[in-house]
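Asks: Input structure: entry15.cif, which contains mmCIF, C-alpha atoms.
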data_input
loop_
_atom_site.label_atom_id
_atom_site.label_comp_id
_atom_site.auth_asym_id
_atom_site.auth_seq_id
_atom_site.Cartn_x
_atom_site.Cartn_y
_atom_site.Cartn_z
CA MET A 1126 -13.24 17.94 -8.82
CA ASN A 1127 -11.52 18.67 -12.09
CA GLY A 1128 -12.06 15.67 -14.36
CA LEU A 1129 -9.47 16.85 -16.87
CA LEU A 1130 -6.82 16.96 -14.14
CA THR A 1131 -7.63 13.37 -13.19
CA VAL A 1132 -7.10 12.36 -16.81
CA VAL A 1133 -3.75 14.21 -16.86
CA VAL A 1134 -2.66 12.51 -13.60
CA LEU A 1135 -3.61 9.09 -14.97
CA ALA A 1136 -1.84 9.79 -18.28
CA VAL A 1137 1.42 10.84 -16.59
CA THR A 1138 1.13 7.88 -14.19
CA LEU A 1139 0.67 5.54 -17.13
CA VAL A 1140 3.74 6.92 -18.93
CA ALA A 1141 5.78 6.63 -15.72
CA ALA A 1142 4.51 3.08 -15.15
CA ILE A 1143 5.51 2.04 -18.68
CA ALA A 1144 8.96 3.59 -18.16
CA THR A 1145 9.22 1.70 -14.85
CA VAL A 1146 8.27 -1.62 -16.45
CA VAL A 1147 10.93 -1.04 -19.12
CA LEU A 1148 13.50 -0.40 -16.38
CA ILE A 1149 12.48 -3.56 -14.55
CA VAL A 1150 12.63 -5.69 -17.69
CA ARG A 1151 16.07 -4.31 -18.58
CA ASP A 1152 17.14 -4.72 -14.92
CA GLN A 1153 18.30 -1.11 -14.92
CA SER A 1154 18.91 0.61 -11.66
CA PRO A 1155 19.31 3.34 -10.63
CA PRO A 1156 16.70 5.03 -12.77
CA GLY A 1157 18.19 8.01 -14.63
CA ASP A 1158 17.57 11.77 -14.45
CA ARG A 1159 14.91 11.71 -17.15
CA TYR A 1160 12.94 9.15 -15.21
CA PHE A 1161 13.05 11.24 -12.05
CA ALA A 1162 12.09 14.34 -14.06
CA LEU A 1163 8.99 12.41 -15.11
CA LEU A 1164 8.23 11.59 -11.46
CA GLY A 1165 8.73 15.28 -10.71
CA VAL A 1166 6.09 16.20 -13.30
CA LEU A 1167 3.76 13.62 -11.75
CA LEU A 1168 4.34 15.07 -8.28
CA LEU A 1169 3.61 18.56 -9.58
CA VAL A 1170 0.32 17.47 -11.16
CA LEU A 1171 -0.62 15.58 -7.99
CA LEU A 1172 0.14 18.67 -5.90
CA VAL A 1173 -2.08 20.79 -8.13
CA GLN A 1174 -4.77 18.12 -7.80
CA ALA A 1175 -4.45 18.00 -4.00
CA VAL A 1176 -4.84 21.76 -3.69
CA GLY A 1177 -7.55 21.93 -6.35
CA GLY A 1178 -9.37 18.96 -4.79
CA CYS A 1179 -9.48 20.63 -1.37
CA VAL A 1180 -10.78 23.86 -2.92
CA ALA A 1181 -13.39 21.94 -4.92
CA LEU A 1182 -14.43 20.06 -1.77
CA ALA A 1183 -14.83 23.29 0.17
CA SER A 1184 -16.92 24.93 -2.51
CA THR A 1185 -19.14 22.05 -3.63
CA GLU A 1186 -22.77 21.37 -2.78
CA ARG A 1187 -22.20 17.63 -3.07
CA GLN A 1188 -22.22 15.39 -0.01
CA VAL A 1189 -18.68 14.09 -0.51
CA GLU A 1190 -17.07 12.08 2.30
CA GLY A 1191 -14.64 14.87 3.04
CA VAL A 1192 -12.06 13.18 5.27
CA THR A 1193 -11.75 10.13 3.02
CA PHE A 1194 -11.55 12.32 -0.07
CA VAL A 1195 -8.73 14.46 1.33
CA ALA A 1196 -6.95 11.33 2.62
CA TYR A 1197 -6.91 9.86 -0.90
CA LEU A 1198 -5.72 13.18 -2.39
CA PHE A 1199 -2.71 13.24 -0.09
CA THR A 1200 -2.01 9.50 -0.23
CA ALA A 1201 -1.66 9.83 -4.01
CA LEU A 1202 0.71 12.75 -3.50
CA LEU A 1203 2.87 11.15 -0.80
CA VAL A 1204 3.14 7.61 -2.15
CA VAL A 1205 5.39 8.70 -5.03
CA PRO A 1206 8.30 10.09 -2.93
CA VAL A 1207 8.00 7.13 -0.54
CA GLY A 1208 8.22 4.74 -3.49
CA ALA A 1209 11.21 6.66 -4.84
CA ALA A 1210 12.94 6.41 -1.45
CA LEU A 1211 12.34 2.66 -1.36
CA ALA A 1212 13.76 2.36 -4.88
CA LEU A 1213 16.86 4.41 -4.10
CA GLY A 1214 17.59 2.30 -1.03
CA GLU A 1215 17.64 -0.90 -3.08
CA ARG A 1216 19.29 -0.45 -6.45
CA THR A 1217 18.01 -3.57 -8.13
CA ARG A 1218 14.98 -4.29 -10.25
CA TRP A 1219 13.14 -5.14 -7.04
CA GLY A 1220 13.70 -1.63 -5.77
CA THR A 1221 12.35 -0.26 -9.04
CA GLY A 1222 9.41 -2.63 -8.55
CA ALA A 1223 8.56 -0.74 -5.36
CA LEU A 1224 8.17 2.36 -7.53
CA LEU A 1225 5.76 0.47 -9.75
CA VAL A 1226 3.72 -0.40 -6.66
CA ALA A 1227 3.65 3.30 -5.78
CA LEU A 1228 2.44 4.24 -9.27
CA LEU A 1229 -0.30 1.60 -9.18
CA THR A 1230 -1.35 3.05 -5.84
CA VAL A 1231 -1.67 6.48 -7.47
CA ALA A 1232 -3.95 4.95 -10.11
CA ALA A 1233 -6.03 3.24 -7.40
CA CYS A 1234 -6.33 6.53 -5.50
CA GLU A 1235 -7.51 8.31 -8.65
CA ALA A 1236 -10.18 5.67 -9.18
CA ARG A 1237 -11.37 6.01 -5.57
CA LEU A 1238 -11.34 9.81 -5.77
CA ASP A 1239 -13.43 9.71 -8.91
CA SER A 1240 -15.98 7.32 -7.40
CA LEU A 1241 -16.16 9.26 -4.11
CA TRP A 1242 -16.87 12.40 -6.08
CA SER A 1243 -19.40 10.94 -8.52
CA VAL A 1244 -21.26 8.85 -5.91
CA ALA A 1245 -21.94 12.08 -4.07
CA GLY A 1246 -23.12 13.68 -7.32
CA ALA A 1247 -26.46 15.42 -7.61
CA MET B 493 42.03 -7.01 4.37
CA PRO B 494 39.20 -7.65 1.96
CA GLU B 495 36.75 -8.94 4.51
CA HIS B 496 33.13 -8.63 3.50
CA THR B 497 31.27 -8.82 6.75
CA ALA B 498 27.71 -7.66 7.18
CA ALA B 499 28.91 -4.20 8.10
CA HIS B 500 25.80 -2.65 9.56
CA ASP B 501 24.44 -5.71 11.31
CA PRO B 502 27.28 -7.94 12.42
CA GLY B 503 25.49 -10.08 14.97
CA GLN B 504 22.62 -11.08 12.74
CA ASP B 505 22.03 -13.92 10.38
CA GLY B 506 22.51 -12.62 6.83
CA GLY B 507 19.11 -13.52 5.44
CA GLN B 508 17.00 -12.31 8.31
CA SER B 509 18.64 -8.92 8.51
CA HIS B 510 17.68 -8.21 4.92
CA LEU B 511 13.97 -8.77 4.95
CA SER B 512 13.47 -5.61 2.90
CA SER B 513 16.00 -6.36 0.18
CA GLY B 514 15.38 -8.12 -3.12
CA PRO B 515 11.76 -9.19 -3.56
CA GLY B 516 11.21 -8.04 0.02
CA ARG B 517 11.31 -4.46 -1.26
CA ILE B 518 8.11 -4.94 -3.22
CA LEU B 519 6.53 -6.68 -0.25
CA VAL B 520 7.44 -3.73 1.99
CA ALA B 521 5.92 -1.32 -0.53
CA VAL B 522 2.65 -3.24 -0.74
CA TYR B 523 2.44 -3.74 3.04
CA ALA B 524 3.10 -0.03 3.58
CA VAL B 525 0.24 0.87 1.24
CA PHE B 526 -2.10 -1.48 3.11
CA ALA B 527 -0.92 -0.17 6.47
CA VAL B 528 -1.91 3.33 5.37
CA ALA B 529 -5.16 2.18 3.71
CA ALA B 530 -6.32 0.09 6.68
CA THR B 531 -5.30 2.66 9.28
CA GLY B 532 -7.03 5.42 7.34
CA ARG B 533 -10.15 3.36 6.87
CA SER B 534 -10.44 2.34 10.52
CA LEU B 535 -9.77 5.87 11.80
CA VAL B 536 -12.46 7.29 9.52
CA GLN B 537 -14.90 4.54 10.50
CA LEU B 538 -14.29 4.87 14.24
CA GLY B 539 -14.15 8.65 14.02
CA THR B 540 -17.41 9.17 12.16
CA ASP B 541 -19.89 6.53 13.33
CA PRO B 542 -18.38 3.89 15.64
CA ASP B 543 -21.75 2.36 16.61
CA LYS B 544 -22.83 1.56 13.06
CA ALA B 545 -20.82 -1.65 12.78
CA PRO B 546 -18.71 -2.22 15.89
CA VAL B 547 -17.45 -5.68 14.93
CA ALA B 548 -16.42 -4.65 11.43
CA TYR B 549 -14.74 -1.49 12.68
CA ALA B 550 -12.86 -3.31 15.43
CA LEU B 551 -11.60 -5.77 12.82
CA SER B 552 -10.56 -2.89 10.58
CA LEU B 553 -8.47 -1.60 13.45
CA VAL B 554 -6.94 -5.05 14.07
CA ALA B 555 -6.08 -5.32 10.37
CA ALA B 556 -4.51 -1.86 10.45
CA VAL B 557 -2.31 -2.73 13.44
CA ILE B 558 -1.21 -6.00 11.81
CA TYR B 559 -0.26 -4.31 8.55
CA CYS B 560 1.69 -1.67 10.45
CA VAL B 561 3.53 -4.31 12.51
CA ALA B 562 4.36 -6.38 9.42
CA THR B 563 5.64 -3.34 7.52
CA THR B 564 7.82 -2.27 10.43
CA CYS B 565 9.26 -5.77 10.96
CA LEU B 566 10.09 -6.18 7.28
CA LEU B 567 11.89 -2.85 7.32
CA LEU B 568 13.76 -3.56 10.56
CA GLY B 569 14.99 -7.05 9.76
CA GLY B 570 16.78 -9.28 12.24
CA ARG B 571 15.77 -12.41 14.08
CA ARG B 572 13.19 -10.94 16.41
CA ALA B 573 11.53 -8.91 13.66
CA TRP B 574 11.40 -12.07 11.52
CA ARG B 575 9.54 -13.93 14.28
CA VAL B 576 7.08 -11.10 14.85
CA ALA B 577 6.55 -10.84 11.08
CA VAL B 578 5.71 -14.55 10.88
CA ALA B 579 3.16 -14.11 13.68
CA ALA B 580 1.68 -11.01 12.02
CA CYS B 581 1.38 -12.67 8.60
CA SER B 582 -0.18 -15.78 10.17
CA VAL B 583 -2.81 -13.78 12.04
CA GLU B 584 -3.39 -11.82 8.85
CA ALA B 585 -3.92 -15.00 6.84
CA ILE B 586 -6.35 -16.40 9.41
CA GLY B 587 -8.06 -13.02 9.69
CA VAL B 588 -8.69 -12.57 5.99
CA LEU B 589 -9.99 -16.14 5.66
CA VAL B 590 -12.29 -16.00 8.71
CA VAL B 591 -13.59 -12.50 7.98
CA GLY B 592 -13.93 -13.40 4.32
CA VAL B 593 -16.15 -16.38 5.11
CA LEU B 594 -18.10 -14.57 7.85
CA SER B 595 -18.83 -11.61 5.60
CA TYR B 596 -20.61 -13.95 3.20
CA VAL B 597 -22.28 -16.17 5.83
CA ASP B 598 -23.26 -13.69 8.53
CA THR B 599 -24.00 -10.44 6.73
CA ALA B 600 -25.70 -8.97 9.82
CA LEU B 601 -22.34 -8.93 11.59
CA PHE B 602 -20.88 -6.73 8.87
CA PRO B 603 -23.23 -3.87 8.00
CA ASP B 604 -20.18 -1.95 6.83
CA LYS B 605 -17.05 -3.22 5.14
CA THR B 606 -13.59 -3.94 6.46
CA VAL B 607 -10.38 -4.42 4.51
CA TRP B 608 -10.87 -8.16 4.85
CA SER B 609 -14.59 -8.40 3.93
CA HIS B 610 -15.34 -10.69 1.01
CA PHE B 611 -11.69 -11.76 1.01
CA GLY B 612 -10.51 -8.22 0.30
CA GLN B 613 -12.67 -7.76 -2.78
CA GLY B 614 -12.62 -3.96 -2.43
CA TYR B 615 -8.84 -4.05 -2.73
CA GLY B 616 -8.54 -6.33 -5.74
CA PHE B 617 -8.29 -9.43 -3.49
CA LEU B 618 -4.75 -8.36 -2.61
CA PRO B 619 -5.43 -8.78 1.14
CA LEU B 620 -6.07 -12.47 0.43
CA VAL B 621 -2.81 -12.98 -1.47
CA LEU B 622 -0.57 -10.75 0.62
CA PRO B 623 -0.18 -12.81 3.83
CA PHE B 624 0.76 -15.91 1.82
CA LEU B 625 3.31 -13.96 -0.22
CA GLY B 626 4.62 -12.62 3.09
CA LEU B 627 4.90 -16.09 4.62
CA ALA B 628 6.58 -17.44 1.49
CA TRP B 629 9.14 -14.65 1.61
CA LEU B 630 9.73 -15.17 5.35
CA ARG B 631 10.25 -18.87 4.69
CA ARG B 632 12.89 -18.07 2.10
CA THR B 633 14.71 -15.72 4.44
CA ARG B 634 14.56 -18.13 7.38
#
Go ahead and render the structure in this file as structure tokens.
Replies:
Amino acid sequence: MNGLLTVVVLAVTLVAAIATVVLIVRDQSPPGDRYFALLGVLLLVLLVQAVGGCVALASTERQVEGVTFVAYLFTALLVVPVGAALALGERTRWGTGALLVALLTVAACEARLDSLWSVAGA
Amino acid sequence: MPEHTAAHDPGQDGGQSHLSSGPGRILVAVYAVFAVAATGRSLVQLGTDPDKAPVAYALSLVAAVIYCVATTCLLLGGRRAWRVAVAACSVEAIGVLVVGVLSYVDTALFPDKTVWSHFGQGYGFLPLVLPFLGLAWLRRTR
């Protein structure tokens, strides 16, 4: 698995999480276009990671728990749009809070992906 | 006529039909994540090596079903969903406490982990907090 990509995912997630916290504190909803552009960037990086992760899994010698690994790759990818849908359905700071939960889930998935990969390391 | 009735749910009590609004939104989000996590975990466990730890894996499945039921009820809202949600959260609270204690006391029973082992340690102890947050929220929307 590409370690640099994981760092990029975590960096974008962190920026998005900070932006989300700012929104929650200011009680701003709905989040604006720039915010959703940021989520779009995150989705794009997660998509690249999902594809790249599957390729890396297929071509590695490591004994990675394949099903779990792929499940985490796609959970990280799918949790962002689900969180966005929850936020758009409830235009208060609580709805935006659901997005923060989604972003924290992405971070948790990244941590699990990293440990699944390194535990299986040579 | 400026009548503000609960347009989409006229027959229901106002609070109970909005279990997923306000703070409930965050609760739904967290429950949904745990529904996916627990379902995924139990499917992988039962799919790969079901005989390794039958008790733990069965409990993983129970936890998964409860999280799914709670998530659905919170999203649906309404009186019946509220009742089912209270039952689900109560079972969840008892489950995480009993499994939490057992996983420390009787380690032979749990050769592999469940979501609720060691009071949900593998998930940042969130499984321990979640049912009580759920019950508190349900109490407020009673």
Asks: Work out how far apart CA of Leu620 (chain B) and CA of Ala585 (chain B) are and give it in Å to one decimal.
Replies: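 Computing it gives 7.2 Å between the two atoms.
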Asks: Can you tell me, as a ChimeraX atom specification, what residues are no more than 12 Å from region 1220-1222 of chain A when counting all atoms listed in the file, ignoring any on the same chain fewer than 2 positions away?
Replies: /A:1141-1157,1160-1161,1207-1218,1224-1229 /B:512-522
Asks: List the residues selected by the PyMOL selection byres ((chain A and resi 1170) around 12) in the file shown, writing them as a PyMOL selection string.
Replies: chain A and resi 1127+1129-1138+1163-1169+1171-1178+1198+1201-1202+1205+1231
Asks: Between A:Thr1230, A:Thr1193, A:Ser1243, A:Thr1200, which has the minimum distance to Gly539 (chain B) (counting all atoms listed in the file)?
Replies: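 That would be A:Thr1193, the residue with the smallest distance to Gly539 (chain B).
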Asks: Could you work out how far CA of Gly1246 (chain A) lies from CA of Phe617 (chain B), giving the answer in Å with one decimal?
Replies: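 So the two atoms, CA of Phe617 (chain B) and CA of Gly1246 (chain A), lie 27.7 Å apart.
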Asks: My list of candidates is B:Gly587, B:Ala555, B:Gly616, B:Gly592. Which is closest to chain A when distances are computed with only C-alpha atoms?
Replies: B:Gly616
Asks: Select, from A:Val1189, A:Val1244, A:Leu1182, A:Ala1223, the residue with the minimum atom-to-atom distance to chain B, counting all atoms listed in the file.
Replies: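 Of the candidates, the smallest distance to chain B is held by A:Ala1223.
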Asks: In Å, how far is it from CA of Lys544 (chain B) to CA of Met1126 (chain A)?
Replies: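 Pair CA of Lys544 (chain B) / CA of Met1126 (chain A) returns 29.0 Å.
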Asks: Just checking: using only C-alpha atoms, which residue out of B:Val528, B:Val588, B:Val561, B:Leu618 ends up closest to Thr606 (chain B)?
Replies: B:Val588
Asks: Assuming 5 Å of padding per side, give the centre and edge lengths of the axis-aligned box around every listed atom of region 617-634 of chain B, in Å to one decimal and as AutoDock Vina command-line options.
Replies:
--center_x 3.2 --center_y -13.6 --center_z 1.9 --size_x 33.0 --size_y 20.5 --size_z 20.9
Asks: Which residue out of A:Gly1191, A:Ala1245, A:Leu1139, A:Trp1219 has the minimum interatomic distance to chain B when all atoms listed in the file are used?
Replies: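 Of the candidates, the smallest distance to chain B is held by A:Trp1219.
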Asks: Translate the PyMOL selection byres ((chain A and resi 1196) around 12), as applied to the file shown, into an explicit residue set as a ChimeraX atom specification.
Replies: /A:1175,1178-1179,1190-1195,1197-1204,1234-1235,1237-1238,1241 /B:528-533,535-536
Asks: Using the incomplete input, complete region 617-631 of chain B to the level of N, CA, C and O atoms; output as a tab-separated table (two decimals), keeping the file's coordinate frame.
Replies:
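Here's the written file rebuild_23.tsv:
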chain	number	residue	atom	x	y	z
B	617	PHE	N	-8.65	-8.14	-4.12
B	617	PHE	CA	-8.29	-9.43	-3.49
B	617	PHE	C	-6.83	-9.51	-3.05
B	617	PHE	O	-6.34	-10.57	-2.69
B	618	LEU	N	-6.14	-8.37	-3.08
B	618	LEU	CA	-4.75	-8.36	-2.61
B	618	LEU	C	-4.61	-8.79	-1.15
B	618	LEU	O	-3.67	-9.51	-0.80
B	619	PRO	N	-5.55	-8.36	-0.25
B	619	PRO	CA	-5.43	-8.78	1.14
B	619	PRO	C	-5.44	-10.30	1.32
B	619	PRO	O	-4.90	-10.82	2.29
B	620	LEU	N	-6.05	-11.01	0.36
B	620	LEU	CA	-6.07	-12.47	0.43
B	620	LEU	C	-4.73	-13.07	0.03
B	620	LEU	O	-4.26	-14.06	0.60
B	621	VAL	N	-4.07	-12.46	-0.94
B	621	VAL	CA	-2.81	-12.98	-1.47
B	621	VAL	C	-1.62	-12.58	-0.59
B	621	VAL	O	-0.70	-13.36	-0.37
B	622	LEU	N	-1.71	-11.36	-0.07
B	622	LEU	CA	-0.57	-10.75	0.62
B	622	LEU	C	0.03	-11.57	1.77
B	622	LEU	O	1.25	-11.77	1.81
B	623	PRO	N	-0.80	-12.07	2.72
B	623	PRO	CA	-0.18	-12.81	3.83
B	623	PRO	C	0.57	-14.05	3.36
B	623	PRO	O	1.60	-14.40	3.94
B	624	PHE	N	0.09	-14.69	2.30
B	624	PHE	CA	0.76	-15.91	1.82
B	624	PHE	C	2.06	-15.56	1.10
B	624	PHE	O	3.05	-16.29	1.21
B	625	LEU	N	2.06	-14.44	0.37
B	625	LEU	CA	3.31	-13.96	-0.22
B	625	LEU	C	4.30	-13.63	0.90
B	625	LEU	O	5.48	-13.97	0.82
B	626	GLY	N	3.78	-12.98	1.95
B	626	GLY	CA	4.62	-12.62	3.09
B	626	GLY	C	5.23	-13.84	3.73
B	626	GLY	O	6.45	-13.90	3.98
B	627	LEU	N	4.41	-14.87	3.98
B	627	LEU	CA	4.90	-16.09	4.62
B	627	LEU	C	5.91	-16.81	3.73
B	627	LEU	O	6.92	-17.34	4.21
B	628	ALA	N	5.65	-16.80	2.42
B	628	ALA	CA	6.58	-17.44	1.49
B	628	ALA	C	7.94	-16.75	1.53
B	628	ALA	O	9.00	-17.39	1.56
B	629	TRP	N	7.90	-15.41	1.57
B	629	TRP	CA	9.14	-14.65	1.61
B	629	TRP	C	9.87	-14.89	2.93
B	629	TRP	O	11.09	-15.05	2.96
B	630	LEU	N	9.12	-14.94	4.03
B	630	LEU	CA	9.73	-15.17	5.35
B	630	LEU	C	10.35	-16.56	5.40
B	630	LEU	O	11.39	-16.78	6.02
B	631	ARG	N	9.72	-17.51	4.74
B	631	ARG	CA	10.25	-18.87	4.69
B	631	ARG	C	11.58	-18.90	3.95
B	631	ARG	O	12.52	-19.59	4.35
